[in-house]
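> Enclosed is the structure file data_29.cif (mmCIF, C-alpha atoms).
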```
data_query
#
loop_
_atom_site.label_atom_id
_atom_site.label_comp_id
_atom_site.auth_asym_id
_atom_site.auth_seq_id
_atom_site.Cartn_x
_atom_site.Cartn_y
_atom_site.Cartn_z
CA MET A 8 68.94 170.51 107.78
CA PRO A 9 69.46 173.90 106.06
CA ASP A 10 66.90 172.94 103.39
CA ARG A 11 64.32 171.99 106.07
CA THR A 12 64.81 168.25 105.62
CA VAL A 13 64.33 165.97 108.62
CA ILE A 14 65.01 162.24 108.93
CA LEU A 15 62.15 160.34 110.59
CA THR A 16 61.61 156.84 111.88
CA MET A 17 58.86 155.35 114.05
CA VAL A 18 59.21 152.78 116.84
CA ASP A 19 57.13 151.04 119.46
CA GLU A 20 58.46 149.16 122.48
CA SER A 21 59.13 146.02 120.43
CA HIS A 22 61.66 148.00 118.37
CA ALA A 23 63.03 150.17 121.19
CA LYS A 24 64.48 147.98 123.93
CA PRO A 25 67.87 146.41 124.68
CA GLY A 26 69.03 144.35 121.71
CA SER A 27 66.42 145.85 119.40
CA MET A 28 66.50 147.15 115.84
CA LEU A 29 66.67 150.76 117.05
CA GLU A 30 70.09 150.04 118.53
CA VAL A 31 71.31 148.54 115.26
CA LEU A 32 69.94 151.49 113.24
CA LEU A 33 71.73 154.02 115.45
CA GLN A 34 74.95 152.01 115.33
CA SER A 35 74.86 152.08 111.53
CA PHE A 36 74.56 155.88 111.59
CA LYS A 37 77.58 156.07 113.90
CA SER A 38 79.75 153.76 111.79
CA GLY A 39 78.68 154.59 108.22
CA GLN A 40 80.48 156.80 105.71
CA GLY A 41 79.20 160.37 105.99
CA THR A 42 76.31 159.32 108.23
CA GLN A 43 77.50 160.42 111.67
CA ARG A 44 76.60 164.06 111.00
CA LEU A 45 73.08 163.00 110.02
CA LEU A 46 72.30 161.74 113.53
CA ASN A 47 71.56 165.29 114.63
CA HIS A 48 68.81 165.43 111.98
CA LEU A 49 67.24 162.09 112.96
CA VAL A 50 63.95 162.40 114.86
CA ILE A 51 62.54 159.20 116.36
CA ILE A 52 58.76 159.15 116.75
CA THR A 53 57.77 156.80 119.56
CA MET A 54 54.37 155.12 119.68
CA ASP A 55 54.23 154.28 123.39
CA SER A 56 55.75 155.51 126.63
CA ARG A 57 58.16 152.61 127.05
CA ALA A 58 59.60 153.22 123.61
CA PHE A 59 59.97 156.92 124.45
CA ASP A 60 61.81 156.24 127.70
CA TYR A 61 64.24 153.85 126.05
CA CYS A 62 64.69 156.10 123.03
CA ARG A 63 65.74 159.00 125.29
CA SER A 64 68.47 156.80 126.76
CA LEU A 65 70.00 156.39 123.29
CA HIS A 66 69.20 159.53 121.30
CA PRO A 67 68.41 163.19 122.08
CA HIS A 68 65.64 163.68 119.52
CA CYS A 69 62.68 161.50 120.52
CA ILE A 70 59.04 162.52 120.07
CA HIS A 71 56.63 161.57 122.87
CA PRO A 72 53.56 159.57 121.70
CA SER A 73 51.25 162.28 123.09
CA THR A 74 52.33 164.49 120.16
CA PHE A 75 50.36 162.22 117.83
CA LYS A 76 47.94 160.82 120.41
CA HIS A 77 45.04 160.83 117.95
CA TYR A 78 46.97 158.20 115.92
CA PHE A 79 48.79 156.39 118.75
CA ALA A 80 45.90 155.50 121.05
CA THR A 81 46.96 154.06 124.40
CA LYS A 82 46.66 150.28 124.48
CA THR A 83 47.11 147.65 127.13
CA ARG A 84 49.44 145.70 124.88
CA SER A 85 52.22 146.79 122.56
CA PHE A 86 51.28 147.74 119.03
CA GLN A 87 53.21 145.46 116.72
CA ILE A 88 54.76 147.05 113.64
CA THR A 89 54.30 143.75 111.81
CA ASP A 90 50.67 144.87 111.40
CA HIS A 91 51.62 146.67 108.19
CA SER A 92 48.20 148.16 107.46
CA VAL A 93 47.92 149.87 110.84
CA PHE A 94 51.51 151.03 110.68
CA SER A 95 51.05 152.44 107.15
CA TRP A 96 47.96 154.37 108.28
CA ARG A 97 49.75 155.86 111.28
CA ARG A 98 52.95 156.62 109.40
CA ASN A 99 51.22 158.35 106.50
CA ASN A 100 49.10 160.50 108.81
CA VAL A 101 52.29 161.62 110.55
CA LEU A 102 53.81 162.40 107.15
CA ILE A 103 50.87 164.69 106.39
CA GLU A 104 51.34 166.66 109.60
CA VAL A 105 55.10 167.07 109.07
CA ILE A 106 54.66 168.07 105.41
CA GLU A 107 52.08 170.66 106.52
CA LEU A 108 54.77 172.17 108.74
CA GLY A 109 56.94 172.65 105.66
CA TYR A 110 59.57 169.97 106.34
CA ASN A 111 60.95 167.67 103.67
CA ILE A 112 61.05 164.11 104.98
CA ILE A 113 63.52 161.27 104.68
CA PHE A 114 61.65 158.35 106.21
CA THR A 115 63.61 155.26 107.20
CA ASP A 116 62.33 152.01 108.63
CA THR A 117 64.16 150.82 111.72
CA ASP A 118 65.31 147.64 109.96
CA VAL A 119 67.53 149.63 107.58
CA LEU A 120 71.29 150.02 107.90
CA TRP A 121 72.78 153.35 106.79
CA LEU A 122 76.21 152.37 105.45
CA LYS A 123 76.77 155.55 103.42
CA SER A 124 74.94 158.84 103.23
CA PRO A 125 72.00 158.33 100.83
CA LEU A 126 71.34 162.04 100.28
CA GLU A 127 72.81 162.10 96.75
CA ASN A 128 70.07 159.68 95.63
CA PHE A 129 67.22 162.06 96.43
CA HIS A 130 65.90 164.44 93.79
CA PRO A 131 65.66 167.93 95.37
CA THR A 132 62.52 169.06 93.53
CA GLN A 133 60.47 165.96 92.68
CA GLU A 134 57.78 164.97 95.13
CA ILE A 135 59.12 161.53 96.07
CA SER A 136 62.41 159.67 95.63
CA ILE A 137 62.03 155.97 96.24
CA SER A 138 63.51 152.60 95.36
CA CYS A 139 60.91 150.01 94.42
CA ASN A 140 61.87 146.36 94.75
CA PHE A 141 59.99 143.53 93.11
CA SER A 142 59.48 140.19 94.84
CA SER A 143 57.59 137.14 93.66
CA ASP A 144 55.89 134.33 95.52
CA GLY A 145 55.03 131.80 92.87
CA GLU A 146 54.12 132.33 89.23
CA ARG A 147 51.36 134.90 89.73
CA ALA A 148 51.75 136.39 93.19
CA TYR A 149 54.03 139.39 93.36
CA SER A 150 54.57 142.52 95.39
CA MET A 151 56.27 145.85 94.95
CA HIS A 152 57.82 147.26 98.09
CA GLU A 153 60.02 150.19 98.98
CA GLY A 154 63.63 149.78 100.02
CA GLY A 155 62.88 150.84 103.58
CA ILE A 156 63.70 154.49 102.91
CA PHE A 157 62.21 157.32 100.83
CA PHE A 158 62.33 161.11 100.46
CA MET A 159 59.24 163.32 100.28
CA LYS A 160 59.35 166.94 99.18
CA ALA A 161 57.27 169.40 101.20
CA ASN A 162 55.12 171.24 98.67
CA ALA A 163 51.47 171.69 97.73
CA ILE A 164 51.45 168.75 95.32
CA THR A 165 52.75 166.30 97.91
CA LEU A 166 50.30 167.56 100.53
CA GLU A 167 47.28 167.29 98.23
CA PHE A 168 48.32 163.79 97.11
CA LEU A 169 48.67 162.65 100.72
CA LYS A 170 45.31 164.18 101.67
CA HIS A 171 43.65 162.39 98.75
CA TRP A 172 45.19 159.12 99.98
CA LYS A 173 43.79 159.75 103.48
CA LEU A 174 40.33 160.65 102.20
CA SER A 175 40.17 157.54 100.03
CA LYS A 176 40.96 155.36 103.05
CA ILE A 177 38.22 157.05 105.07
CA LEU A 178 35.64 156.71 102.28
CA TYR A 179 36.63 153.14 101.41
CA PRO A 180 37.81 151.60 104.70
CA THR A 181 37.35 148.03 103.47
CA THR A 182 40.06 148.43 100.84
CA ASN A 183 43.55 147.30 101.68
CA VAL A 184 45.95 149.92 102.95
CA GLU A 185 48.99 149.43 100.75
CA GLU A 186 52.06 148.47 102.70
CA SER A 187 54.34 150.69 100.64
CA TRP A 188 54.32 153.87 98.60
CA CYS A 189 55.57 151.82 95.66
CA GLU A 190 52.29 149.89 95.61
CA THR A 191 50.29 153.08 96.11
CA ILE A 192 51.99 154.71 93.13
CA MET A 193 51.75 151.58 90.97
CA HIS A 194 48.02 151.12 91.67
CA ASN A 195 47.12 154.81 91.20
CA GLU A 196 48.96 155.90 88.06
CA ASP A 197 46.05 158.08 86.91
CA LEU A 198 45.96 159.86 90.27
CA VAL A 199 49.73 160.37 90.21
CA GLU A 200 49.45 161.95 86.77
CA MET A 201 46.42 164.08 87.71
CA TYR A 202 48.19 165.67 90.68
CA GLY A 203 51.53 165.97 88.90
CA PHE A 204 53.08 163.89 91.66
CA ARG A 205 56.57 163.32 90.27
CA VAL A 206 58.38 160.11 91.17
CA HIS A 207 62.15 159.74 91.11
CA HIS A 208 63.03 156.04 91.04
CA VAL A 209 66.29 155.35 92.85
CA ASP A 210 68.49 152.52 91.57
CA THR A 211 67.82 149.42 93.67
CA ASP A 212 71.58 148.83 93.84
CA HIS A 213 71.83 151.94 96.03
CA PHE A 214 69.02 150.91 98.39
CA GLY A 215 69.75 147.21 98.82
CA GLY A 216 67.86 144.55 100.73
CA PHE A 217 67.69 140.92 101.68
CA CYS A 218 65.13 140.25 98.93
CA GLN A 219 67.70 140.94 96.19
CA LEU A 220 71.18 139.94 97.26
CA ASN A 221 74.36 140.34 95.25
CA ASN A 222 78.07 140.34 96.05
CA ASP A 223 78.39 144.02 95.03
CA MET A 224 76.05 145.14 97.79
CA LEU A 225 78.62 146.37 100.30
CA GLU A 226 80.39 148.28 97.53
CA LYS A 227 77.34 149.87 95.88
CA ALA A 228 74.59 150.09 98.49
CA HIS A 229 74.06 153.19 100.60
CA THR A 230 71.44 151.43 102.74
CA ILE A 231 70.49 147.79 103.29
CA HIS A 232 66.97 146.79 104.27
CA ALA A 233 66.13 143.59 106.16
CA ASN A 234 63.12 142.88 103.96
CA CYS A 235 61.83 139.41 103.09
CA CYS A 236 62.04 138.70 106.82
CA ASN A 237 59.15 138.94 109.27
CA ASP A 238 60.79 137.97 112.54
CA HIS A 239 62.29 140.80 114.61
CA THR A 240 64.87 138.62 116.34
CA SER A 241 66.10 137.25 113.01
CA LYS A 242 66.36 140.75 111.58
CA VAL A 243 68.49 142.00 114.46
CA HIS A 244 70.72 138.92 114.24
CA ASP A 245 71.36 139.27 110.52
CA LEU A 246 71.70 143.07 110.50
CA LYS A 247 74.44 142.78 113.11
CA ILE A 248 76.27 140.38 110.78
CA VAL A 249 75.87 142.89 107.94
CA LEU A 250 77.40 145.60 110.13
CA ASP A 251 80.32 143.33 111.01
CA ASP A 252 80.86 142.58 107.31
CA TRP A 253 80.71 146.31 106.61
CA PHE A 254 83.50 146.95 109.12
CA GLN A 255 85.60 144.19 107.54
CA PHE A 256 84.89 145.48 104.03
CA ARG A 257 86.01 149.02 104.88
CA LYS A 258 89.14 147.68 106.56
CA HIS A 259 89.89 145.52 103.54
CA VAL A 260 89.46 148.42 101.12
CA LYS A 261 91.61 150.72 103.27
CA ASN A 262 94.47 148.23 103.63
CA ASN A 263 94.47 146.92 100.08
CA ASN A 264 93.16 149.92 98.16
CA SER A 265 90.89 147.44 96.44
CA THR A 266 87.17 146.83 96.07
CA GLU A 267 87.52 143.08 95.75
CA LYS A 268 84.15 141.46 96.34
CA MET A 269 83.43 139.74 99.64
CA ALA A 270 81.22 136.67 99.90
CA LEU A 271 78.09 137.56 101.84
CA LYS A 272 77.60 135.78 105.17
CA TRP A 273 73.99 136.87 105.42
CA PRO A 274 71.15 136.45 105.67
CA GLN A 275 71.40 133.50 108.04
CA LYS A 276 68.11 133.56 109.94
CA CYS A 277 66.15 135.74 107.52
CA THR A 278 65.29 133.19 104.89
CA GLY A 279 61.96 134.53 103.75
#
```
Before anything else, please render the file you have as structure tokens.

Amino acid sequence: MPDRTVILTMVDESHAKPGSMLEVLLQSFKSGQGTQRLLNHLVIITMDSRAFDYCRSLHPHCIHPSTFKHYFATKTRSFQITDHSVFSWRRNNVLIEVIELGYNIIFTDTDVLWLKSPLENFHPTQEISISCNFSSDGERAYSMHEGGIFFMKANAITLEFLKHWKLSKILYPTTNVEESWCETIMHNEDLVEMYGFRVHHVDTDHFGGFCQLNNDMLEKAHTIHANCCNDHTSKVHDLKIVLDDWFQFRKHVKNNNSTEKMALKWPQKCTG
């Protein structure tokens, strides 16, 4: 973009094949409000050759895995993105390299629908803009996870913060690699303050997800994340239903000049 912002996502062959989440993601860009023009700024980083070949059949901007071969080592079997720790390590190392090139980053997971342009939610000068969702599993167990999309500002503060994160994972490899930047920020408040790493918290209504459903979602949300769901097939099934509801919602609003709430028909297969 003119301000050197690029939209990134990462896929392996399990997410880049016929009937996969990559197809649903691209369809949401094509059918969302103000999102079609953003497709030209979307760069898809592929983690294996099969994903690259299929990506090129759908989208012009696909990065071959050899570009980041030191992170995407060739394997005999597909790397599964459900291995969150490995994925977080690879993703965050890619972020460092792109930030070093001077590009601001909007990172989106593949299981996110872009219904409206989310750009207005990102703070142009703060280091990260992110929506942190809270989920609970029992009385004591809880987790804080991002809404499947975040913005990172390319500057010296962001780069030093990311490098500190990388160094800490090298020095202390037995510690858990947080699955989200929300957890990283929450667990390292002193480090965030020391580096001056400014966090802009986006309203969770704007970055919705399956974990926190409400009947205003189609009206208020810019993106919808298929979180609280670990099965790829279920995610694709339910995201397609969301897209269909989105088409019906826009048609309803256009014909009736009304924002009357629609009962959600999803999730159906994503139940936790």
> Contacts between segment 241-258 of chain A and segment 108-225 of chain A, please, where a residue of segment 108-225 of chain A counts if it comes within 9 Å (with only C-alpha atoms); show its shortest atom pair and distance in Å to one decimal, rows by chain and ascending number, as a tab-separated table.

```
residue	atom	partner	partner_atom	distance
A:Asp118	CA	A:Lys242	CA	7.2
A:Val119	CA	A:Leu246	CA	8.3
A:Leu120	CA	A:Leu246	CA	7.4
A:Leu122	CA	A:Trp253	CA	7.6
A:Leu225	CA	A:Trp253	CA	6.6
```
> Here's a test: counting all atoms listed in the file, identify every protein, DNA and RNA residue with an atom at most 7 Å from (56.2, 165.3, 89.2) in the file's coordinate frame, and state them as a ChimeraX atom specification.
/A:133-134,203-206
> Neighbourhood query: residues within 9 Å of (60.2, 138.3, 104.9), file coordinates, counting all atoms listed in the file; return as number ranges by chain.
A: 217-218, 233-238, 277-279
> Check what the PyMOL selection byres ((chain A and resi 95-105) around 10) selects in the file above and give those residues as number ranges by chain.
A: 13, 15-17, 52, 54, 75, 77-79, 88, 90-94, 106-112, 114, 159, 161, 165-170, 172-173, 176, 184-188
> The PyMOL selection byres ((chain A and resi 42) around 12) on the file shown: which residues, as an MDAnalysis selection string?
chainID A and resid 14 32:41 43:49 120:126 229:230
> In Å, with one decimal, what is the gap from atom CA of His171 of chain A to atom CA of Thr74 of chain A?
23.2 Å
> Quick one: of A:Met201, A:Met269, A:Thr191, A:His239, who's nearest to Ile164 of chain A, counting all atoms listed in the file?
A:Met201
> Translate the PyMOL selection byres ((chain A and resi 18) around 9), as applied to the file shown, into an explicit residue set as number ranges by chain.
A: 16-17, 19-23, 29, 51-55, 58-59, 62, 88, 116-117
> What is the distance, in Å and to one decimal place, between atom CA of Gly215 of chain A and atom CA of Glu127 of chain A?
15.3 Å
> Pick the closest to Thr132 of chain A from A:Lys261, A:Asp210, A:Phe158, A:Ile231: which is it, counting only C-alpha atoms?
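Of all the options, A:Phe158 lies closest to Thr132 of chain A.
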> For atom CA of Asp212 of chain A and atom CA of Ile137 of chain A, determine how far apart the two atoms are, in Å to one decimal place.
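Between these atoms lies a distance of 12.2 Å.
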> Which residue out of A:Glu226, A:Pro180, A:Thr240, A:His208 has the minimum interatomic distance to His130 of chain A when only C-alpha atoms are used?
A:His208
> Build an axis-aligned box that encloses every atom of segment 32-49 of chain A listed in the file, pad it by 4 Å on each side, and report its centre and edge lengths in Å to one decimal, as AutoDock Vina command-line options.

```
--center_x 73.9 --center_y 158.5 --center_z 110.6 --size_x 21.2 --size_y 21.9 --size_z 17.7
```
> Go through A:Ile135, A:Met28, A:Leu65, A:Ile113 and flag the residue nearest Val199 of chain A, using only C-alpha atoms for the distances.
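Checking each of A:Ile135, A:Met28, A:Leu65, A:Ile113 against Val199 of chain A, counting only C-alpha atoms, the winner is A:Ile135.
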> Given the choices A:Gln275, A:Asn128, A:Ser56, A:Ser136, which gets closest to Lys24 of chain A if the distance is worked out from only C-alpha atoms?
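Using only C-alpha atoms, Lys24 of chain A sits closest to A:Ser56.
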> Which of these residues is nearest to Gly26 of chain A, using all atoms listed in the file: A:Tyr202, A:Gly216, A:Cys189, A:Tyr61?
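Going through A:Tyr202, A:Gly216, A:Cys189, A:Tyr61 one by one, the smallest distance to Gly26 of chain A is for A:Tyr61.
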